[in-house]
$ cat structure-v9.cif   # mmCIF, C-alpha atoms (C1' of nucleotides)
data_model
#
loop_
_atom_site.label_atom_id
_atom_site.label_comp_id
_atom_site.auth_asym_id
_atom_site.auth_seq_id
_atom_site.Cartn_x
_atom_site.Cartn_y
_atom_site.Cartn_z
CA MET A 287 28.48 -21.55 8.33
CA ARG A 288 25.01 -22.90 7.89
CA SER A 289 24.46 -26.25 9.52
CA THR A 290 22.94 -28.99 7.43
CA GLU A 291 20.28 -29.71 10.03
CA THR A 292 18.82 -26.23 10.09
CA HIS A 293 19.07 -26.02 6.34
CA ASP A 294 17.19 -29.26 6.03
CA ALA A 295 14.64 -28.15 8.61
CA LEU A 296 13.99 -25.13 6.46
CA SER A 297 13.56 -26.96 3.16
CA GLN A 298 11.48 -29.59 4.92
CA ARG A 299 9.07 -27.06 6.39
CA LEU A 300 8.83 -25.17 3.15
CA ALA A 301 8.19 -28.35 1.18
CA ASP A 302 5.49 -29.31 3.67
CA SER A 303 3.68 -26.13 2.74
CA GLY A 304 4.29 -26.61 -0.99
CA LEU A 305 6.90 -23.84 -1.08
CA ARG A 306 10.39 -23.72 -2.50
CA ALA A 307 13.69 -23.30 -0.71
CA THR A 308 15.12 -20.26 -2.45
CA PRO A 309 18.47 -18.60 -1.74
CA GLN A 310 16.65 -15.56 -0.39
CA ARG A 311 14.66 -17.62 2.11
CA GLU A 312 17.74 -19.54 3.18
CA VAL A 313 19.83 -16.45 3.76
CA VAL A 314 17.04 -14.64 5.62
CA TYR A 315 16.62 -17.66 7.88
CA ASP A 316 20.38 -17.99 8.41
CA VAL A 317 20.62 -14.35 9.37
CA LEU A 318 17.97 -14.84 12.04
CA LEU A 319 19.69 -17.93 13.40
CA LYS A 320 23.12 -16.38 13.43
CA LYS A 321 22.38 -13.29 15.50
CA ARG A 322 19.37 -13.77 17.72
CA ASP A 323 18.85 -10.18 18.73
CA HIS A 324 15.27 -9.80 17.50
CA PRO A 325 16.09 -7.72 14.44
CA THR A 326 13.55 -5.67 12.52
CA ALA A 327 12.87 -6.25 8.83
CA ASP A 328 15.21 -3.36 8.00
CA GLU A 329 17.98 -4.86 10.09
CA VAL A 330 17.49 -8.25 8.46
CA PHE A 331 17.58 -6.52 5.09
CA ALA A 332 20.91 -4.89 5.92
CA ARG A 333 22.43 -8.17 7.11
CA VAL A 334 21.16 -10.23 4.22
CA LYS A 335 22.62 -7.77 1.74
CA THR A 336 26.18 -8.75 2.61
CA ASP A 337 25.45 -12.21 1.20
CA LEU A 338 22.88 -11.26 -1.40
CA PRO A 339 23.50 -7.64 -2.35
CA SER A 340 20.68 -7.47 -4.86
CA ILE A 341 17.85 -8.64 -2.60
CA SER A 342 14.96 -6.23 -2.20
CA LEU A 343 13.25 -5.13 0.98
CA ALA A 344 9.93 -6.48 -0.31
CA THR A 345 11.54 -9.90 -0.60
CA VAL A 346 12.82 -9.69 2.95
CA TYR A 347 9.26 -8.96 4.09
CA ASN A 348 7.98 -11.83 1.95
CA CYS A 349 10.56 -14.28 3.29
CA LEU A 350 9.97 -13.30 6.90
CA GLU A 351 6.24 -13.71 6.44
CA THR A 352 6.81 -17.12 4.86
CA LEU A 353 9.01 -18.24 7.74
CA VAL A 354 6.39 -17.10 10.22
CA GLN A 355 3.72 -19.03 8.29
CA CYS A 356 5.90 -22.16 8.42
CA ASP A 357 6.31 -21.77 12.19
CA LEU A 358 10.05 -21.42 11.95
CA VAL A 359 10.08 -17.87 13.20
CA ARG A 360 7.99 -15.79 15.57
CA ALA A 361 7.00 -12.18 14.92
CA VAL A 362 7.06 -9.94 17.98
CA ASN A 363 5.56 -6.49 18.42
CA PHE A 364 6.18 -3.93 21.11
CA GLU A 365 3.80 -1.02 21.13
CA ARG A 366 3.84 0.52 17.69
CA GLY A 367 7.47 -0.23 16.95
CA PRO A 368 8.55 -2.21 13.91
CA THR A 369 7.91 -5.93 14.02
CA ARG A 370 10.86 -7.97 15.28
CA TYR A 371 11.70 -11.53 14.35
CA CYS A 372 12.80 -14.38 16.56
CA PRO A 373 13.82 -17.94 15.56
CA ASN A 374 13.37 -19.27 19.09
CA LEU A 375 10.68 -21.92 18.88
CA ARG A 376 10.51 -22.88 22.53
CA PRO A 377 7.59 -21.37 24.46
CA HIS A 378 8.95 -18.14 25.81
CA ALA A 379 8.02 -14.65 26.95
CA HIS A 380 9.81 -11.45 25.98
CA PHE A 381 11.44 -8.98 28.31
CA HIS A 382 11.75 -5.57 26.77
CA ASP A 383 14.48 -3.51 28.39
CA GLU A 384 13.27 0.08 28.41
CA LYS A 385 16.77 1.45 28.88
CA THR A 386 18.65 -0.39 26.15
CA GLY A 387 15.71 -1.25 23.89
CA ARG A 388 16.95 -4.84 23.81
CA THR A 389 14.68 -7.83 23.94
CA HIS A 390 15.44 -10.92 26.00
CA ASP A 391 13.81 -14.33 25.71
CA ILE A 392 12.44 -15.78 28.95
CA ASP A 393 11.69 -19.49 28.84
CA LEU A 394 8.24 -20.40 30.11
CA PRO A 395 7.64 -23.72 31.90
CA PRO A 396 4.56 -25.50 30.51
CA ALA A 397 3.05 -25.52 34.01
CA LEU A 398 3.10 -21.74 34.13
CA ILE A 399 1.45 -21.43 30.75
CA GLU A 400 -1.31 -23.73 32.00
CA LYS A 401 -1.67 -21.70 35.16
CA VAL A 402 -2.04 -18.52 33.14
CA LYS A 403 -4.62 -20.09 30.85
CA SER A 404 -6.57 -21.22 33.88
CA VAL A 405 -7.60 -17.64 34.72
CA LEU A 406 -9.83 -17.67 31.64
CA PRO A 407 -13.54 -18.07 32.32
CA ALA A 408 -15.35 -21.06 30.80
CA GLY A 409 -15.87 -20.80 27.07
CA TYR A 410 -12.60 -19.02 26.29
CA ASP A 411 -10.48 -21.22 24.07
CA PRO A 412 -7.00 -19.74 23.56
CA THR A 413 -4.77 -20.83 20.70
CA SER A 414 -1.86 -18.81 22.08
CA VAL A 415 -0.71 -16.83 25.09
CA GLU A 416 1.79 -14.04 24.79
CA ILE A 417 3.59 -12.54 27.76
CA ILE A 418 5.59 -9.35 27.59
CA PHE A 419 7.59 -7.89 30.45
CA ARG A 420 8.91 -4.35 30.44
CA GLY A 421 11.52 -2.93 32.73
CA LYS A 422 15.19 -3.15 33.49
CA ALA A 423 16.93 -6.36 32.48
CA ALA A 424 19.94 -8.07 33.97
CA LYS A 425 23.19 -6.86 32.37
CA SER A 426 23.56 -10.34 30.87
CA MET B 164 -24.64 11.05 31.48
CA ARG B 165 -21.26 11.79 32.91
CA SER B 166 -21.01 11.04 36.60
CA THR B 167 -19.51 13.67 38.83
CA GLU B 168 -17.04 11.22 40.30
CA THR B 169 -15.40 10.26 37.04
CA HIS B 170 -15.42 13.87 35.93
CA ASP B 171 -13.69 14.86 39.12
CA ALA B 172 -11.27 11.97 38.84
CA LEU B 173 -10.31 13.28 35.43
CA SER B 174 -9.77 16.92 36.44
CA GLN B 175 -7.95 15.74 39.55
CA ARG B 176 -5.52 13.59 37.61
CA LEU B 177 -4.97 16.25 35.02
CA ALA B 178 -4.38 18.91 37.69
CA ASP B 179 -1.88 16.60 39.38
CA SER B 180 0.15 16.66 36.18
CA GLY B 181 -0.26 20.42 35.72
CA LEU B 182 -2.71 19.94 32.85
CA ARG B 183 -6.14 21.43 32.20
CA ALA B 184 -9.51 19.77 32.00
CA THR B 185 -10.65 20.81 28.53
CA PRO B 186 -13.95 19.89 26.89
CA GLN B 187 -12.07 17.77 24.37
CA ARG B 188 -10.33 15.74 27.07
CA GLU B 189 -13.56 15.32 28.99
CA VAL B 190 -15.52 14.12 25.99
CA VAL B 191 -12.78 11.74 24.86
CA TYR B 192 -12.64 10.24 28.33
CA ASP B 193 -16.43 9.99 28.53
CA VAL B 194 -16.54 8.21 25.20
CA LEU B 195 -14.09 5.61 26.50
CA LEU B 196 -16.06 5.10 29.70
CA LYS B 197 -19.39 4.87 27.96
CA LYS B 198 -18.62 2.10 25.50
CA ARG B 199 -15.79 -0.07 26.68
CA ASP B 200 -15.15 -1.93 23.48
CA HIS B 201 -11.47 -0.99 23.06
CA PRO B 202 -11.99 1.51 20.25
CA THR B 203 -9.23 2.77 17.98
CA ALA B 204 -8.36 6.47 17.74
CA ASP B 205 -10.49 6.68 14.58
CA GLU B 206 -13.46 5.14 16.35
CA VAL B 207 -13.06 7.49 19.29
CA PHE B 208 -12.84 10.37 16.81
CA ALA B 209 -16.15 9.34 15.21
CA ARG B 210 -17.91 9.02 18.56
CA VAL B 211 -16.56 12.27 19.99
CA LYS B 212 -17.75 14.17 16.93
CA THR B 213 -21.40 13.70 17.85
CA ASP B 214 -20.74 15.87 20.91
CA LEU B 215 -17.97 18.03 19.55
CA PRO B 216 -18.36 18.12 15.78
CA SER B 217 -15.38 20.38 15.18
CA ILE B 218 -12.76 18.33 17.03
CA SER B 219 -9.78 17.22 14.97
CA LEU B 220 -8.21 13.81 14.77
CA ALA B 221 -4.90 15.22 16.00
CA THR B 222 -6.65 16.39 19.14
CA VAL B 223 -8.13 12.96 19.70
CA TYR B 224 -4.63 11.51 19.50
CA ASN B 225 -3.38 14.21 21.87
CA CYS B 226 -6.15 13.61 24.38
CA LEU B 227 -5.72 9.84 24.30
CA GLU B 228 -2.00 10.23 24.85
CA THR B 229 -2.66 12.59 27.75
CA LEU B 230 -5.09 10.16 29.36
CA VAL B 231 -2.55 7.36 29.00
CA GLN B 232 0.12 9.56 30.61
CA CYS B 233 -2.23 10.29 33.54
CA ASP B 234 -2.85 6.56 34.02
CA LEU B 235 -6.55 6.89 33.38
CA VAL B 236 -6.47 4.82 30.22
CA ARG B 237 -4.42 1.93 28.89
CA ALA B 238 -3.21 1.67 25.30
CA VAL B 239 -3.34 -1.83 23.84
CA ASN B 240 -1.68 -3.15 20.71
CA PHE B 241 -2.35 -6.35 18.79
CA GLU B 242 0.16 -7.17 16.12
CA ARG B 243 0.41 -4.21 13.80
CA GLY B 244 -3.18 -3.11 14.13
CA PRO B 245 -4.15 0.36 15.28
CA THR B 246 -3.73 1.10 18.98
CA ARG B 247 -6.85 0.51 21.04
CA TYR B 248 -7.83 2.29 24.24
CA CYS B 249 -9.21 0.87 27.43
CA PRO B 250 -10.34 2.74 30.57
CA ASN B 251 -10.19 -0.40 32.74
CA LEU B 252 -7.60 0.32 35.42
CA ARG B 253 -7.72 -3.01 37.22
CA PRO B 254 -4.85 -5.38 36.39
CA HIS B 255 -6.13 -7.40 33.48
CA ALA B 256 -5.10 -9.36 30.43
CA HIS B 257 -6.65 -9.10 26.98
CA PHE B 258 -8.30 -11.87 25.03
CA HIS B 259 -8.33 -11.18 21.34
CA ASP B 260 -11.04 -13.10 19.54
CA GLU B 261 -9.65 -14.02 16.15
CA LYS B 262 -13.10 -14.64 14.70
CA THR B 263 -14.91 -11.45 15.71
CA GLY B 264 -11.88 -9.20 16.22
CA ARG B 265 -13.30 -8.21 19.59
CA THR B 266 -11.19 -7.74 22.68
CA HIS B 267 -12.24 -8.96 26.11
CA ASP B 268 -10.77 -7.96 29.46
CA ILE B 269 -9.69 -10.82 31.71
CA ASP B 270 -9.12 -9.87 35.35
CA LEU B 271 -5.82 -11.05 36.74
CA PRO B 272 -5.48 -12.03 40.39
CA PRO B 273 -2.41 -10.42 42.01
CA ALA B 274 -1.13 -13.87 42.94
CA LEU B 275 -1.00 -14.89 39.28
CA ILE B 276 0.87 -11.76 38.32
CA GLU B 277 3.43 -12.56 41.01
CA LYS B 278 3.70 -16.14 39.81
CA VAL B 279 4.35 -14.95 36.27
CA LYS B 280 6.99 -12.47 37.42
CA SER B 281 8.67 -15.25 39.35
CA VAL B 282 9.84 -16.96 36.15
CA LEU B 283 12.26 -14.09 35.60
CA PRO B 284 15.89 -14.86 36.36
CA ALA B 285 17.64 -12.76 39.03
CA GLY B 286 18.42 -9.24 37.92
CA TYR B 287 15.31 -8.73 35.82
CA ASP B 288 13.21 -5.96 37.30
CA PRO B 289 9.87 -5.63 35.52
CA THR B 290 7.76 -2.49 35.77
CA SER B 291 4.88 -4.16 33.96
CA VAL B 292 3.64 -7.49 32.67
CA GLU B 293 1.29 -7.72 29.73
CA ILE B 294 -0.62 -10.87 28.86
CA ILE B 295 -2.45 -11.36 25.59
CA PHE B 296 -4.54 -14.39 24.72
CA ARG B 297 -5.67 -15.15 21.20
CA GLY B 298 -8.33 -17.61 20.18
CA LYS B 299 -12.04 -18.10 20.33
CA ALA B 300 -13.87 -16.27 23.10
CA ALA B 301 -17.05 -17.17 24.92
CA LYS B 302 -20.12 -15.78 23.16
CA SER B 303 -20.50 -13.44 26.17
"C1'" DC C 96 -6.25 43.93 30.42
"C1'" DT C 97 -2.10 41.56 29.28
"C1'" DT C 98 1.09 38.17 29.19
"C1'" DA C 99 2.58 33.56 29.50
"C1'" DT C 100 1.52 29.15 28.95
"C1'" DG C 101 -1.29 25.41 27.63
"C1'" DT C 102 -4.32 23.58 23.98
"C1'" DT C 103 -6.32 22.81 19.61
"C1'" DT C 104 -6.20 22.63 14.78
"C1'" DA C 105 -5.41 21.47 9.66
"C1'" DG C 106 -2.45 19.78 7.00
"C1'" DA C 107 2.17 18.06 5.91
"C1'" DA C 108 5.33 14.60 6.97
"C1'" DT C 109 6.92 10.14 8.48
"C1'" DA C 110 7.59 5.08 9.35
"C1'" DG C 111 6.59 0.64 8.52
"C1'" DT C 112 4.46 -2.29 5.72
"C1'" DT C 113 1.73 -4.10 1.78
"C1'" DC C 114 0.38 -3.98 -2.93
"C1'" DT C 115 1.01 -4.11 -8.03
"C1'" DA C 116 2.47 -5.52 -12.14
"C1'" DA C 117 6.34 -6.84 -14.62
"C1'" DT C 118 10.18 -9.98 -14.78
"C1'" DT C 119 12.76 -14.05 -13.58
"C1'" DC C 120 13.29 -18.58 -11.93
"C1'" DT C 121 12.52 -23.49 -11.55
"C1'" DC C 122 10.06 -27.70 -11.80
"C1'" DG C 123 7.98 -31.32 -14.45
"C1'" DC C 124 7.15 -32.87 -18.89
"C1'" DT C 125 8.45 -34.03 -23.59
"C1'" DA D 20 17.92 -29.67 -24.24
"C1'" DG D 21 13.35 -27.03 -24.80
"C1'" DC D 22 8.78 -25.40 -23.11
"C1'" DG D 23 4.94 -24.05 -20.34
"C1'" DA D 24 2.88 -23.28 -15.71
"C1'" DG D 25 3.19 -21.84 -11.47
"C1'" DA D 26 6.17 -19.80 -7.90
"C1'" DA D 27 9.19 -16.18 -6.42
"C1'" DT D 28 11.43 -11.81 -6.74
"C1'" DT D 29 11.71 -7.05 -7.70
"C1'" DA D 30 11.21 -1.75 -7.81
"C1'" DG D 31 8.40 1.39 -6.88
"C1'" DA D 32 3.83 3.14 -5.81
"C1'" DA D 33 0.39 3.10 -2.39
"C1'" DC D 34 -1.43 2.73 2.10
"C1'" DT D 35 -2.31 3.21 7.20
"C1'" DA D 36 -1.64 4.79 11.55
"C1'" DT D 37 0.55 8.13 13.72
"C1'" DT D 38 3.39 12.27 14.80
"C1'" DC D 39 4.99 16.76 13.68
"C1'" DT D 40 4.60 21.74 12.61
"C1'" DA D 41 3.33 26.16 13.04
"C1'" DA D 42 -0.39 29.07 13.53
"C1'" DA D 43 -4.58 30.28 16.04
"C1'" DC D 44 -7.06 30.10 20.22
"C1'" DA D 45 -8.19 29.82 25.24
"C1'" DT D 46 -7.45 30.67 29.92
"C1'" DA D 47 -5.40 31.39 34.52
"C1'" DA D 48 -2.53 34.50 37.05
"C1'" DG D 49 -0.74 38.86 37.92
#

$ encode --input "structure-v9.cif" --output "C-alpha cells"
Amino acid sequence: MRSTETHDALSQRLADSGLRATPQREVVYDVLLKKRDHPTADEVFARVKTDLPSISLATVYNCLETLVQCDLVRAVNFERGPTRYCPNLRPHAHFHDEKTGRTHDIDLPPALIEKVKSVLPAGYDPTSVEIIFRGKAAKS
Amino acid sequence: MRSTETHDALSQRLADSGLRATPQREVVYDVLLKKRDHPTADEVFARVKTDLPSISLATVYNCLETLVQCDLVRAVNFERGPTRYCPNLRPHAHFHDEKTGRTHDIDLPPALIEKVKSVLPAGYDPTSVEIIFRGKAAKS
DNA sequence: CTTATGTTTAGAATAGTTCTAATTCTCGCT
DNA sequence: AGCGAGAATTAGAACTATTCTAAACATAAG
C-alpha cells in the first residue's frame, strides 16, 4: 500500500533531522497520505490502531508533531477546534465548510501570495501567510 | 473616559439583538476599546476587575461572546493559544510577531479581498476570509 | 408589586493537549 | 552476539482554556 517514494521521503526527512524512522511514524504518515480529509489527532489515532493496535495517543501526538517539524505535514486550526493535519505540501489555503464541517484545500498561485504579502507596511517580514475561507463549499 | 458614541453604539447593538446593556458588558467593551492589544479573556478579566472587582471570569467569557455575536468585536485564534479579542471592525488581517508574541492589525483593501476570493473554484461561496501573517514585525 | 425573562456567578465539568517518569528499542561499538 | 547510550514509546497524571450548571440576582413590562 505504501509507495516506496513516500516511504523514502519520510526516512530521508527524519534522518536529515537526526531522527529515526519508526513503525509508528511510518504508519501515522501513511494514514495521513491515504485519506486526506484533515483528520484530528483522535481520528488519526483510531485509524492507526487498525495497523498498530497497541499504539498510544501520546505517541500519535508525538509523531504528528515530529512530522510537522520535518515539514512533511501541516497543522491546521479552526477557531478552538482540535488541530487537524494535512500532508499537502503545496502552498494552499483552507476552505472550511460551515455546513458539513469539512475542510477543502485551495491551491494558491505564487503571484497571489506575493500580492497578499504586498499589503504589509515596510518593516514587516513574514515567514508565512495563512488564508482561511469559511462558508459553503462546492458539493465536490 | 468612555465616549457617548461608543456607549450608544453598544446599547444600540445589544438592543437590536434583544439584549441588555449591563455594566459588565459596558466595562468589558470599554476595556477592549481602551487598549487594543488583542487581550485574552484572562487579560480582559484582570483589566475589568479594576472597575468591577466582583466580576467573574465566566461573565467575562459571556460578555465577550455576546460582543462577538453583536459584531462589535472579533475573536482571533493563533494555533492553539487562547482566543484573543479585537474591537477593530474594519476588514483587516493579523500579523503575529513570533518574537514578541504581539499581534498587529493590517488593513486590507477591498480589492485585495476580492482578489483572494477569486482563487476559489466555482461553487465555493465564502462568508468570510481570514488572513494571518507570521514573522517579524516592524518595531512600530 | 409581581412575574417573566435576562444576566451574573462560583464552581464543576469537559476537551484537547502536554508532561512525567518508567520502559523499550535500536544503533554503534567491541 | 553482547553492551551501553541515546532515542522513542507508553500509560496515566496534569494542565489550560473554555463551557456548563444551577442557583441567585436584576430589571422591564404589565

$ interface_residues --input "structure-v9.cif" --of "chain D" --to "chain A" --cutoff "8 Å" --atoms "all atoms listed in the file" --output "PyMOL selection string"
chain D and resi 26+28-29

$ atom_distance --input "structure-v9.cif" --atom1 "CA of Tyr224 in chain B" --atom2 "CA of Ala178 in chain B"
19.6 Å

$ interface_residues --input "structure-v9.cif" --of "chain A" --to "chain B" --cutoff "6 Å" --atoms "only C-alpha atoms" --output "VMD selection string"
chain A and resid 363 365 409 to 424

$ residues_around --input "structure-v9.cif" --residues "Cys249 in chain B" --least-positions-apart "2" --cutoff "7 Å" --atoms "all atoms listed in the file" --output "mmCIF file with C-alpha atoms, in the coordinates of the input"
data_model
loop_
_atom_site.group_PDB
_atom_site.id
_atom_site.type_symbol
_atom_site.label_atom_id
_atom_site.label_comp_id
_atom_site.auth_asym_id
_atom_site.auth_seq_id
_atom_site.Cartn_x
_atom_site.Cartn_y
_atom_site.Cartn_z
ATOM 1 C CA LEU B 195 -14.090 5.610 26.500
ATOM 2 C CA ARG B 199 -15.790 -0.070 26.680
ATOM 3 C CA HIS B 201 -11.470 -0.990 23.060
ATOM 4 C CA VAL B 236 -6.470 4.820 30.220
ATOM 5 C CA ARG B 237 -4.420 1.930 28.890
ATOM 6 C CA ALA B 238 -3.210 1.670 25.300
ATOM 7 C CA ARG B 247 -6.850 0.510 21.040
ATOM 8 C CA ASN B 251 -10.190 -0.400 32.740
#

$ resolve_selection --input "structure-v9.cif" --expression "the PyMOL selection byres ((chain D and resi 38) around 10)" --output "list in words"
Ala221, Tyr224 and Asn225 of chain B; DA108, DT109 and DA110 of chain C; DA36, DT37, DC39 and DT40 of chain D

$ atom_distance --input "structure-v9.cif" --atom1 "CA of Tyr315 in chain A" --atom2 "CA of Pro396 in chain A"
26.8 Å

$ resolve_selection --input "structure-v9.cif" --expression "the PyMOL selection byres ((chain C and resi 115-121) around 12)" --output "PyMOL selection string"
(chain A and resi 305-309) or (chain C and resi 113-114+122-123) or (chain D and resi 23-33)

$ atom_distance --input "structure-v9.cif" --atom1 "CA of Thr203 in chain B" --atom2 "CA of Leu350 in chain A"
27.4 Å

$ resolve_selection --input "structure-v9.cif" --expression "the PyMOL selection byres ((chain C) within 9 of (chain B))" --output "list of chain:residue names"
C:DG101, C:DT102, C:DT103, C:DT104, C:DA105

$ residues_near_point --input "structure-v9.cif" --point "(15.4, -23.2, 7.3)" --cutoff "7 Å" --atoms "all atoms listed in the file" --output "list in words"
Thr292, His293, Asp294, Ala295, Leu296, Ser297, Glu312 and Tyr315 of chain A

$ decode --input "structure-v9.cif" --residues "range 98-121 of chain C" --atoms "N, CA and C atoms (P, O5', C5', C4', C3', O3' and C1' of nucleotides)" --output "compact mmCIF listing (two decimals), in the first residue's frame"
# COMPACT_ATOMS: atom_id res chain seq x y z
P DT C 98 -46.67 36.61 41.19
O5' DT C 98 -46.50 36.18 39.66
C5' DT C 98 -47.09 37.02 38.64
C4' DT C 98 -46.12 37.18 37.48
C3' DT C 98 -45.23 35.95 37.24
O3' DT C 98 -45.32 35.67 35.86
C1' DT C 98 -43.93 37.90 37.21
P DA C 99 -45.11 34.23 35.27
O5' DA C 99 -44.26 34.60 33.98
C5' DA C 99 -44.60 35.79 33.23
C4' DA C 99 -43.34 36.28 32.52
C3' DA C 99 -42.43 35.13 32.06
O3' DA C 99 -42.05 35.39 30.72
C1' DA C 99 -41.20 36.64 33.40
P DT C 100 -41.32 34.30 29.91
O5' DT C 100 -40.01 35.08 29.48
C5' DT C 100 -40.02 36.51 29.33
C4' DT C 100 -38.64 37.03 29.67
C3' DT C 100 -37.51 36.12 29.17
O3' DT C 100 -36.73 36.89 28.28
C1' DT C 100 -37.11 36.88 31.39
P DG C 101 -35.47 36.33 27.55
O5' DG C 101 -34.34 37.20 28.24
C5' DG C 101 -34.51 38.61 28.34
C4' DG C 101 -33.39 39.15 29.20
C3' DG C 101 -32.01 38.64 28.78
O3' DG C 101 -31.14 39.74 28.85
C1' DG C 101 -32.41 38.08 31.04
P DT C 102 -29.63 39.62 28.58
O5' DT C 102 -29.02 39.37 30.03
C5' DT C 102 -29.02 40.45 30.98
C4' DT C 102 -28.22 40.02 32.19
C3' DT C 102 -26.83 39.49 31.88
O3' DT C 102 -25.91 40.41 32.46
C1' DT C 102 -27.96 38.13 33.49
P DT C 103 -24.37 40.16 32.44
O5' DT C 103 -24.18 39.45 33.85
C5' DT C 103 -24.50 40.18 35.04
C4' DT C 103 -24.24 39.28 36.23
C3' DT C 103 -22.81 38.76 36.34
O3' DT C 103 -22.31 39.20 37.61
C1' DT C 103 -24.40 37.00 36.61
P DT C 104 -20.76 39.06 37.92
O5' DT C 104 -20.78 37.65 38.65
C5' DT C 104 -21.54 37.51 39.87
C4' DT C 104 -21.54 36.06 40.31
C3' DT C 104 -20.19 35.38 40.22
O3' DT C 104 -19.62 35.37 41.52
C1' DT C 104 -21.99 33.95 39.49
P DA C 105 -18.12 35.05 41.77
O5' DA C 105 -18.22 33.52 42.20
C5' DA C 105 -19.03 33.16 43.32
C4' DA C 105 -19.05 31.65 43.43
C3' DA C 105 -17.66 31.00 43.43
O3' DA C 105 -17.63 30.08 44.51
C1' DA C 105 -18.98 30.13 41.62
P DG C 106 -16.38 29.20 44.82
O5' DG C 106 -16.70 27.87 44.02
C5' DG C 106 -17.96 27.24 44.23
C4' DG C 106 -18.14 26.17 43.18
C3' DG C 106 -16.89 25.29 42.98
O3' DG C 106 -17.31 23.95 43.04
C1' DG C 106 -17.67 26.07 40.91
P DA C 107 -16.28 22.74 42.98
O5' DA C 107 -16.98 21.79 41.90
C5' DA C 107 -18.41 21.71 41.87
C4' DA C 107 -18.81 21.12 40.53
C3' DA C 107 -17.96 19.94 40.10
O3' DA C 107 -18.81 18.95 39.54
C1' DA C 107 -17.81 21.66 38.47
P DA C 108 -18.22 17.65 38.88
O5' DA C 108 -18.11 18.05 37.34
C5' DA C 108 -19.29 18.50 36.67
C4' DA C 108 -18.94 18.70 35.21
C3' DA C 108 -18.15 17.54 34.60
O3' DA C 108 -18.81 17.20 33.40
C1' DA C 108 -17.04 19.60 34.20
P DT C 109 -18.40 15.91 32.59
O5' DT C 109 -17.58 16.58 31.40
C5' DT C 109 -18.19 17.66 30.69
C4' DT C 109 -17.20 18.21 29.71
C3' DT C 109 -16.34 17.13 29.03
O3' DT C 109 -16.66 17.19 27.66
C1' DT C 109 -15.04 19.00 29.69
P DA C 110 -16.05 16.17 26.65
O5' DA C 110 -14.92 17.04 25.94
C5' DA C 110 -15.27 18.32 25.42
C4' DA C 110 -14.05 18.85 24.71
C3' DA C 110 -13.29 17.78 23.91
O3' DA C 110 -12.90 18.37 22.68
C1' DA C 110 -11.88 18.70 25.59
P DG C 111 -12.16 17.41 21.61
O5' DG C 111 -10.66 17.91 21.72
C5' DG C 111 -10.40 19.30 21.57
C4' DG C 111 -8.99 19.56 21.99
C3' DG C 111 -7.98 18.61 21.34
O3' DG C 111 -7.05 19.41 20.65
C1' DG C 111 -7.66 18.73 23.70
P DT C 112 -5.84 18.78 19.83
O5' DT C 112 -4.72 18.85 20.95
C5' DT C 112 -4.54 20.11 21.61
C4' DT C 112 -3.62 19.94 22.78
C3' DT C 112 -2.28 19.30 22.43
O3' DT C 112 -1.30 20.33 22.57
C1' DT C 112 -3.15 18.53 24.52
P DT C 113 0.22 19.98 22.29
O5' DT C 113 0.76 19.73 23.79
C5' DT C 113 0.59 20.77 24.75
C4' DT C 113 1.18 20.30 26.05
C3' DT C 113 2.62 19.80 25.96
O3' DT C 113 3.28 20.45 27.04
C1' DT C 113 1.29 18.18 27.03
P DC C 114 4.84 20.29 27.28
O5' DC C 114 4.87 19.38 28.59
C5' DC C 114 4.05 19.78 29.70
C4' DC C 114 4.14 18.72 30.79
C3' DC C 114 5.55 18.19 31.05
O3' DC C 114 5.75 18.27 32.44
C1' DC C 114 4.05 16.38 30.65
P DT C 115 7.22 17.94 33.06
O5' DT C 115 7.05 16.45 33.61
C5' DT C 115 5.85 16.09 34.28
C4' DT C 115 6.02 14.68 34.82
C3' DT C 115 7.46 14.24 34.98
O3' DT C 115 7.57 13.49 36.18
C1' DT C 115 6.34 12.76 33.51
P DA C 116 9.04 13.31 36.87
O5' DA C 116 9.02 11.76 37.19
C5' DA C 116 7.77 11.05 37.20
C4' DA C 116 7.98 9.65 36.66
C3' DA C 116 9.42 9.13 36.78
O3' DA C 116 9.31 7.75 37.03
C1' DA C 116 8.77 9.02 34.55
P DA C 117 10.55 6.90 37.65
O5' DA C 117 10.17 5.46 37.07
C5' DA C 117 8.79 5.11 36.98
C4' DA C 117 8.58 4.22 35.77
C3' DA C 117 9.69 3.18 35.58
O3' DA C 117 9.10 1.90 35.43
C1' DA C 117 9.31 4.37 33.57
P DT C 118 10.07 0.62 35.21
O5' DT C 118 9.94 0.36 33.65
C5' DT C 118 8.63 0.16 33.07
C4' DT C 118 8.79 0.11 31.57
C3' DT C 118 9.70 -1.01 31.05
O3' DT C 118 8.91 -1.84 30.21
C1' DT C 118 10.14 1.06 29.97
P DT C 119 9.54 -3.13 29.52
O5' DT C 119 9.94 -2.53 28.08
C5' DT C 119 8.90 -2.00 27.25
C4' DT C 119 9.54 -1.50 25.98
C3' DT C 119 10.41 -2.55 25.28
O3' DT C 119 9.95 -2.61 23.96
C1' DT C 119 11.56 -0.50 25.47
P DC C 120 10.48 -3.68 22.91
O5' DC C 120 11.39 -2.76 21.98
C5' DC C 120 10.76 -1.66 21.31
C4' DC C 120 11.87 -0.81 20.74
C3' DC C 120 12.80 -1.56 19.78
O3' DC C 120 12.64 -0.91 18.54
C1' DC C 120 14.01 -0.18 21.29
P DT C 121 13.19 -1.59 17.17
O5' DT C 121 14.59 -0.87 16.98
C5' DT C 121 14.63 0.55 17.02
C4' DT C 121 16.07 1.03 16.98
C3' DT C 121 16.99 0.14 16.13
O3' DT C 121 17.85 1.04 15.48
C1' DT C 121 17.90 0.38 18.24
